[in-house]
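These notes concern the structure reproduced below.
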Amino acid sequence: SNPRMVGQTFSIEVSTITGFTYTLEYNDSLADANWTSGQSQTGTGGVITLTDNAATGPARFYRILVQ
């Protein structure tokens with residue numbers, strides 16, 4: 001993984017397995033159990049990039065849901 005923040009855009013590269021769906025989720029507070037789903041992509045067996053184009057909060061936490 002190679003997380004990057006440029007302006008208000010957060011992106012991360014993820015190594016994937018074919019057939020699984022990878023969803024970038026975010027939350028502005030770890031005290032909140034509810035996560036917001038962002039961009040999703042299907043795994044290719046290679047590296048994909050997941051992006052949040054509206055990373056505007058002063059602190060935003062990310063996780064990747066794999067299904």
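Here, A, B, ... name the chains of the structure tokens in the order displayed, residue numbers run from 1 inside each chain, and ligands are numbered from 1 in the same displayed order.
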
Strand (DSSP E) call set, DSSP backbone run, chain A, as a count of residues only:
36

Set the distance at 9 Å and use only C-alpha atoms: which residues neighbour Ser11 of chain A once local chain neighbours fewer than 2 positions away are removed? I'd like the list as a list in words.
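Selected residues are Asn2, Pro3, Arg4, Met5, Val6, Thr9, Glu13, Thr49, Leu50, Thr51, Asp52 and Asn53 of chain A.
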
Could those residues be written to a file, using N, CA and C atoms, as a JSON list (two decimals), in the first residue's frame?
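Here's the written file selection_32.json:
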```json
[["chain", "number", "residue", "atom", "x", "y", "z"],
["A", 2, "ASN", "N", 0.37, 2.27, -0.60],
["A", 2, "ASN", "CA", 1.11, 3.51, -0.73],
["A", 2, "ASN", "C", 0.14, 4.68, -0.55],
["A", 3, "PRO", "N", -0.30, 4.98, 0.69],
["A", 3, "PRO", "CA", -1.28, 6.04, 0.88],
["A", 3, "PRO", "C", -0.72, 7.42, 0.54],
["A", 4, "ARG", "N", -1.55, 8.25, -0.10],
["A", 4, "ARG", "CA", -1.13, 9.60, -0.49],
["A", 4, "ARG", "C", -2.28, 10.58, -0.23],
["A", 5, "MET", "N", -1.91, 11.79, 0.13],
["A", 5, "MET", "CA", -2.86, 12.87, 0.29],
["A", 5, "MET", "C", -2.35, 14.04, -0.53],
["A", 6, "VAL", "N", -3.12, 14.46, -1.53],
["A", 6, "VAL", "CA", -2.77, 15.59, -2.38],
["A", 6, "VAL", "C", -3.98, 16.52, -2.39],
["A", 9, "THR", "N", -7.59, 15.12, -1.87],
["A", 9, "THR", "CA", -7.74, 13.78, -2.44],
["A", 9, "THR", "C", -6.81, 12.80, -1.74],
["A", 13, "GLU", "N", -2.97, 2.50, -2.84],
["A", 13, "GLU", "CA", -2.81, 1.37, -3.75],
["A", 13, "GLU", "C", -2.97, 0.09, -2.94],
["A", 49, "THR", "N", -6.07, 1.24, -7.36],
["A", 49, "THR", "CA", -6.00, 2.45, -6.55],
["A", 49, "THR", "C", -7.41, 2.84, -6.15],
["A", 50, "LEU", "N", -7.62, 3.00, -4.83],
["A", 50, "LEU", "CA", -8.90, 3.47, -4.30],
["A", 50, "LEU", "C", -8.71, 4.92, -3.88],
["A", 51, "THR", "N", -9.72, 5.76, -4.17],
["A", 51, "THR", "CA", -9.58, 7.21, -3.98],
["A", 51, "THR", "C", -10.77, 7.80, -3.26],
["A", 52, "ASP", "N", -10.51, 8.77, -2.38],
["A", 52, "ASP", "CA", -11.52, 9.62, -1.76],
["A", 52, "ASP", "C", -11.23, 11.04, -2.23],
["A", 53, "ASN", "N", -12.08, 11.56, -3.12],
["A", 53, "ASN", "CA", -11.87, 12.88, -3.70],
["A", 53, "ASN", "C", -12.38, 14.01, -2.82]]
```

Using only C-alpha atoms, which of the listed residues (A:Asn27, A:Gln67, A:Thr18, A:Thr36) sits closest to Ile48 of chain A?
A:Thr18

Compile the contact shell of Gly19 of chain A as number ranges by chain: residues with an atom at most 10 Å away, counting only C-alpha atoms, same-chain residues fewer than 5 positions apart removed.
A: 41-45, 67

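Distance check against Ala55 of chain A using only C-alpha atoms: of A:Gln8, A:Ala31, A:Glu25, A:Gln39, the minimum falls on A:Gln8.
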
Residue among A:Arg63, A:Ser40, A:Tyr22, A:Ala54 lying closest to Phe10 of chain A, counting only C-alpha atoms:
A:Ala54

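Distance-wise, atom CA of Phe61 of chain A and atom CA of Ile17 of chain A end up 23.8 Å apart.
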
If you measure from atom CA of Gly46 of chain A to atom CA of Val14 of chain A, what distance in Å do you get, rounded to one decimal?
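These two atoms are separated by 8.2 Å.
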
Measuring between only C-alpha atoms, which one of A:Gly7, A:Asn34, A:Ala59, A:Leu65 shows the shortest distance to Thr21 of chain A?
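Nearest to Thr21 of chain A: A:Leu65.
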
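Between Thr16 of chain A and the residues A:Trp35, A:Ile64, A:Val47, A:Leu30, the shortest atom-to-atom distance, using only C-alpha atoms, involves A:Val47.
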